[in-house]
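> So that we are looking at the same thing, I have put the structure below in structure tokens.
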Amino acid sequence: MSAEASVRELLPDYLLGLLEPHEAARVDQALARSAELRTEADALRAALFALPEALEPEPPAPGSWETLLARVREERARSAIEGPAVERPAISGTATGAPGGAGTTPPVPPPATAPSLAAARRRRPVLAVALAVALTLLVGTAGWGALQQRRADLAAHEEAVVAYWMRIPDLSIVSLEAVQGGHPGVACVLPDGRAMVLQPHAPSAGRSYVLYGLTGTGRVELGRTRGRLILFRADGLTGVELAVSGPSGGVVAKASLN
Amino acid sequence: MYETVAETPSDAELVQQVAQGEEEALQALFQRHGGAVTALARRMLGDRQEAEEILQDTFLRLHQNAPRFDGQRAALRTYLFAIARNLCLSRLRARSSRPRKAADADPHDVAFQAAVGAFDDPLPGIVVRGALERLEAEDRALLEAAFYQGYSHSELAALNDMPLGTVKSRLRRALAKMRAHLEGGAA
């Protein structure tokens with residue numbers, strides 16, 4: 001049996017993700033070399049992934065599209081603030097190299113809700129006003145020169161994210177405590193651990209907000225922005241500290257998540 | 001000569017529009033394929049809520065990667081199924097046990113059955129069911145177990161009390177027959 005023929009025999013198992021890594025690598029290499037083999041793999045993949053066509057479609061839940069749209073906008077906002085996501089799996093119609101041919105790295109399911117959120121949630125009635133103030137301030141965006149459009153785009157993204165979060169019933173809102181005076185902003189936490197810090201103003205030109213998470217044994221950087229919003233995960237955090245970058249910066253606000 | 005009837009955009013055209021940031025295009029694809037992706041995830045995970053999460057994650061991946069999608073080599077539907085399957089397999093691996101049979105449809109589903117027609121053309125389903133019916137029962141069971149539950153060769157051999165080599169050869173035969181039936185049916 002020729003090498004190509006032996007690889008051809010492996011294609012069904014390859015597409016099902018049933019090969020050992022060294023075998024899959026061998027198929028990958030063969031596919032990279034042979035257009036004929038790729039065509040064969042494409043045809044088998046089309047047949048294999050036709051299987052779900054036999055299932056009765058199940059309409060998505062009500063509000064599913066709206067939730068997806070909000071996540072899309074949230075991701076755009078995050079990209080605008082923090083740059084593109086680190087994990088951007090390759091896509092091709094066939095995406096060789098991954099079991100099943102999707103070329104994707106499945107994400108880890110979100111961890112359970114942080115225990116500290118219940119306490120934070122109780123503060124919501126008192127602190128909703130703080131968020132409302134911050135939202136009002138969020139709408140206005142100023143910038144100069146080349147930064148003007150970018151800042152406007154950033155603010156629009158941030159506004160979309162905040163508007164979405166405000167519609168979530170289980171949103172917990174925690175007021176940040178100002179360390180150096182001024183409006184301290186708020187932290188918002190969702191039951192699945194997603195969280196954001198929202199400031200009423202962007203930092204001054206050339207500066208960034210830097211958010212740190214307090215873990216009990218130290219602090220870790222969670223994100224930074226030249227806008228007003230930083231998205232992060234609150235899982236396992238006892239609190240957060242918001243700092244301004246630069247020599248005269250330092251921590252400007254903090255909050256306990258316990 | 002001019003076209004007087006607006007044509008429905010193809011998947012490839014819609015993906016291009018998604019890559020340009022058009023939310024309406026993503027919505028059109030979501031409406032077109034969301035029901036099928038949900039069904040796949042429900043079949044694999046046996047849980048409506050988790051299936052909904054897979055649906056969301058799958059289309060979020062599509063949105064992220066739309067600029068690099070190459071529709072010349074495979075249908076978008078195949079790509080979406082592949083993403084969803086990988087996401088489901090990841091969850092299955094994280095579980096200590098395999099899923100049970102999917103729960104019966106709940107009232108929530110019933111309330112939205114009328115919308116099913118808006119999501120899917122029934123023809124592909126009919127063709128695939130016909131192809132599956134032509135497989136030997138054991139071959140079909142093996143193929144579906146490998147596809148939906150992600151069982152390995154050795155697990156399939158143990159579960160079905162078959163030699164490992166038989167499992168492998170049956171899987172290959174089943175997929176080859178599926179392909180032949182589907183390509184023949186399309187001719």
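All residue names refer to the structure tokens as shown: chains lettered A, B, ... in order, residues numbered from 1 in each chain, ligands numbered from 1 in order.
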Pull out every residue of chain B sitting within 6 Å of chain A, counting only C-alpha atoms, and send them as a PyMOL selection string.
chain B and resi 35-36+38-40+56+68-71+73-74+78+82-83+87+116+125+128-129+152+172+179
> Give the answer as one residue: which of A:Gly185, A:Gly213, A:Gly223, A:Gly206 has the shortest atom-to-atom distance to Ser256 (chain A), using only C-alpha atoms?
A:Gly213
> Can you tell me, as a CSV table (one decimal) with C-alpha atoms, in the first residue's frame, what residues are no more than 6 Å from Cys188 (chain A) when counting only C-alpha atoms, ignoring any on the same chain fewer than 2 positions away?

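Final file, part.csv:
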```
chain,number,residue,atom,x,y,z
A,172,SER,CA,-24.3,43.4,40.7
A,173,ILE,CA,-23.0,46.9,41.1
A,195,ALA,CA,-17.2,41.9,35.3
A,196,MET,CA,-16.3,45.4,34.3
```
> When you count only C-alpha atoms, which of these residues is closest to Ser175 (chain A): A:Gly239, A:Pro21, A:Gly218, A:Gly249?
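Among A:Gly239, A:Pro21, A:Gly218, A:Gly249, it is A:Gly239 that comes nearest to Ser175 (chain A).
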> Which distance in Å separates CA of Met166 (chain A) and CA of Val252 (chain A), to one decimal?
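Between CA of Met166 (chain A) and CA of Val252 (chain A) the gap is 24.6 Å.
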> Might you pull out every residue within 10 Å of Val220 (chain A), with only C-alpha atoms counted and same-chain residues fewer than 5 positions away left off, and present them as a list of chain:residue names?
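Near neighbours after the sequence-gap exclusion: A:Leu211, A:Tyr212, A:Gly213, A:Leu214, A:Thr215, A:Leu237, A:Val240, A:Glu241.
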> Once you have the residues from the selection above, write them out as an mmCIF file, in the first residue's frame, restricted to all heavy atoms.

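As written to disk, again11.cif reads:
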```
data_model
loop_
_atom_site.group_PDB
_atom_site.id
_atom_site.type_symbol
_atom_site.label_atom_id
_atom_site.label_comp_id
_atom_site.auth_asym_id
_atom_site.auth_seq_id
_atom_site.Cartn_x
_atom_site.Cartn_y
_atom_site.Cartn_z
ATOM 1 N N LEU A 211 -6.220 48.136 35.621
ATOM 2 C CA LEU A 211 -7.018 47.467 36.651
ATOM 3 C C LEU A 211 -6.264 46.258 37.188
ATOM 4 O O LEU A 211 -5.764 45.430 36.415
ATOM 5 C CB LEU A 211 -8.359 47.016 36.067
ATOM 6 C CG LEU A 211 -9.327 46.382 37.071
ATOM 7 C CD1 LEU A 211 -9.801 47.431 38.086
ATOM 8 C CD2 LEU A 211 -10.529 45.770 36.359
ATOM 9 N N TYR A 212 -6.196 46.181 38.499
ATOM 10 C CA TYR A 212 -5.543 45.049 39.156
ATOM 11 C C TYR A 212 -6.580 44.259 39.944
ATOM 12 O O TYR A 212 -7.493 44.828 40.552
ATOM 13 C CB TYR A 212 -4.449 45.528 40.106
ATOM 14 C CG TYR A 212 -3.309 46.234 39.419
ATOM 15 C CD1 TYR A 212 -3.269 47.630 39.362
ATOM 16 C CD2 TYR A 212 -2.282 45.515 38.821
ATOM 17 C CE1 TYR A 212 -2.222 48.281 38.722
ATOM 18 C CE2 TYR A 212 -1.234 46.161 38.179
ATOM 19 C CZ TYR A 212 -1.203 47.542 38.124
ATOM 20 O OH TYR A 212 -0.191 48.186 37.492
ATOM 21 N N GLY A 213 -6.405 42.966 39.945
ATOM 22 C CA GLY A 213 -7.244 42.101 40.764
ATOM 23 C C GLY A 213 -6.494 41.660 42.007
ATOM 24 O O GLY A 213 -5.314 41.300 41.921
ATOM 25 N N LEU A 214 -7.151 41.711 43.147
ATOM 26 C CA LEU A 214 -6.539 41.277 44.405
ATOM 27 C C LEU A 214 -6.935 39.833 44.650
ATOM 28 O O LEU A 214 -8.126 39.494 44.667
ATOM 29 C CB LEU A 214 -7.022 42.166 45.550
ATOM 30 C CG LEU A 214 -6.819 43.676 45.326
ATOM 31 C CD1 LEU A 214 -7.351 44.479 46.512
ATOM 32 C CD2 LEU A 214 -5.354 43.987 45.072
ATOM 33 N N THR A 215 -5.935 38.992 44.823
ATOM 34 C CA THR A 215 -6.204 37.553 44.926
ATOM 35 C C THR A 215 -6.094 37.032 46.348
ATOM 36 O O THR A 215 -6.345 35.867 46.595
ATOM 37 C CB THR A 215 -5.212 36.769 44.052
ATOM 38 O OG1 THR A 215 -3.888 36.992 44.553
ATOM 39 C CG2 THR A 215 -5.282 37.205 42.607
ATOM 40 N N LEU A 237 -11.387 36.631 42.876
ATOM 41 C CA LEU A 237 -10.812 37.899 43.317
ATOM 42 C C LEU A 237 -11.477 38.370 44.608
ATOM 43 O O LEU A 237 -12.694 38.234 44.779
ATOM 44 C CB LEU A 237 -10.990 38.973 42.239
ATOM 45 C CG LEU A 237 -10.330 38.701 40.884
ATOM 46 C CD1 LEU A 237 -10.608 39.856 39.929
ATOM 47 C CD2 LEU A 237 -8.837 38.481 41.047
ATOM 48 N N VAL A 240 -10.588 44.731 43.715
ATOM 49 C CA VAL A 240 -9.906 45.304 42.555
ATOM 50 C C VAL A 240 -9.329 46.661 42.927
ATOM 51 O O VAL A 240 -9.837 47.340 43.836
ATOM 52 C CB VAL A 240 -10.858 45.469 41.342
ATOM 53 C CG1 VAL A 240 -11.254 44.113 40.784
ATOM 54 C CG2 VAL A 240 -12.089 46.285 41.708
ATOM 55 N N GLU A 241 -8.292 47.029 42.246
ATOM 56 C CA GLU A 241 -7.702 48.353 42.390
ATOM 57 C C GLU A 241 -7.529 48.944 41.001
ATOM 58 O O GLU A 241 -7.055 48.263 40.092
ATOM 59 C CB GLU A 241 -6.347 48.277 43.097
ATOM 60 C CG GLU A 241 -6.442 47.958 44.581
ATOM 61 C CD GLU A 241 -5.070 47.949 45.244
ATOM 62 O OE1 GLU A 241 -4.052 47.923 44.515
ATOM 63 O OE2 GLU A 241 -5.025 47.945 46.482
#
```
> Would you compute the distance between CA of Leu143 (chain B) and CA of Asp57 (chain B)? Give it in Å to one decimal.
25.4 Å
> Just want the 10 Å neighbourhood of region 132-134 of chain B, counted on only C-alpha atoms, with same-chain residues fewer than 6 positions away dropped. Output as a PyMOL selection string.
(chain A and resi 51+54) or (chain B and resi 126+140-141+143-144+174-175+177-178+181-182)
> Please, could you write that set of residues out with N, CA and C atoms as a CSV table (one decimal), in the first residue's frame?

```
chain,number,residue,atom,x,y,z
A,51,LEU,N,-24.3,14.6,8.8
A,51,LEU,CA,-25.1,13.9,9.8
A,51,LEU,C,-26.1,14.7,10.6
A,54,ALA,N,-29.8,15.3,9.7
A,54,ALA,CA,-30.9,14.4,10.0
A,54,ALA,C,-31.7,14.7,11.3
B,126,ILE,N,-33.9,15.3,4.8
B,126,ILE,CA,-34.5,14.1,4.2
B,126,ILE,C,-33.5,13.3,3.5
B,140,ARG,N,-24.2,2.3,11.3
B,140,ARG,CA,-24.8,3.6,11.6
B,140,ARG,C,-24.7,3.9,13.1
B,141,ALA,N,-24.9,2.9,13.9
B,141,ALA,CA,-24.8,3.2,15.4
B,141,ALA,C,-23.3,3.6,15.8
B,143,LEU,N,-21.1,5.0,13.7
B,143,LEU,CA,-20.8,6.3,13.2
B,143,LEU,C,-21.4,7.4,14.1
B,144,GLU,N,-22.6,7.2,14.4
B,144,GLU,CA,-23.3,8.2,15.2
B,144,GLU,C,-22.7,8.3,16.6
B,174,ALA,N,-18.9,2.9,6.8
B,174,ALA,CA,-20.1,3.7,7.0
B,174,ALA,C,-19.9,5.1,6.4
B,175,LEU,N,-18.8,5.7,6.6
B,175,LEU,CA,-18.6,7.1,6.1
B,175,LEU,C,-18.5,7.0,4.6
B,177,LYS,N,-20.0,4.9,2.6
B,177,LYS,CA,-21.3,4.7,2.1
B,177,LYS,C,-22.1,6.0,2.2
B,178,MET,N,-22.0,6.7,3.3
B,178,MET,CA,-22.7,8.0,3.5
B,178,MET,C,-22.3,8.9,2.3
B,181,HIS,N,-23.9,7.7,-0.9
B,181,HIS,CA,-25.3,8.0,-1.0
B,181,HIS,C,-25.6,9.4,-1.2
B,182,LEU,N,-24.9,10.3,-0.5
B,182,LEU,CA,-25.1,11.7,-0.5
B,182,LEU,C,-24.7,12.3,-1.9
```
> With region 157-163 of chain A as the partner and 9 Å as the cut-off, tabulate the residues of region 173-256 of chain A that qualify, each row holding the nearest pair of atoms and their distance in Å to one decimal, using only C-alpha atoms, sorted by chain and rising number, as a Markdown table.

```
| residue | atom | partner | partner_atom | distance |
| --- | --- | --- | --- | --- |
| A:Leu198 | CA | A:Val162 | CA | 8.6 |
| A:Gly227 | CA | A:Glu158 | CA | 8.2 |
| A:Arg228 | CA | A:Glu158 | CA | 7.6 |
| A:Leu229 | CA | A:Glu158 | CA | 6.4 |
```
> Keeping only N, CA, C and O atoms, write the selected residues as a short mmCIF file (atom, residue, chain, number, x, y, z; two decimals), in the first residue's frame.

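And here's result_7.cif as it stands now:
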```
data_model
loop_
_atom_site.label_atom_id
_atom_site.label_comp_id
_atom_site.auth_asym_id
_atom_site.auth_seq_id
_atom_site.Cartn_x
_atom_site.Cartn_y
_atom_site.Cartn_z
N LEU A 198 -16.15 50.68 35.35
CA LEU A 198 -16.56 51.80 34.51
C LEU A 198 -16.21 53.09 35.22
O LEU A 198 -16.60 53.31 36.37
N GLY A 227 -9.80 54.29 27.56
CA GLY A 227 -11.20 54.69 27.65
C GLY A 227 -11.66 54.66 29.10
O GLY A 227 -10.89 54.93 30.01
N ARG A 228 -12.92 54.27 29.27
CA ARG A 228 -13.49 54.31 30.61
C ARG A 228 -13.91 52.95 31.12
O ARG A 228 -14.41 52.82 32.23
N LEU A 229 -13.74 51.94 30.31
CA LEU A 229 -14.31 50.63 30.62
C LEU A 229 -13.23 49.55 30.52
O LEU A 229 -12.50 49.50 29.54
#
```
> With only C-alpha atoms as the atoms that count, which of A:Ser208, A:Val27, A:Asp235, A:Ala255 lies nearest to Pro191 (chain A)?
A:Asp235
> Calculate how many Å separate CA of Gln149 (chain B) from CA of Met44 (chain B), rounding to one decimal.
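One can read the CA of Gln149 (chain B) to CA of Met44 (chain B) distance as 6.0 Å.
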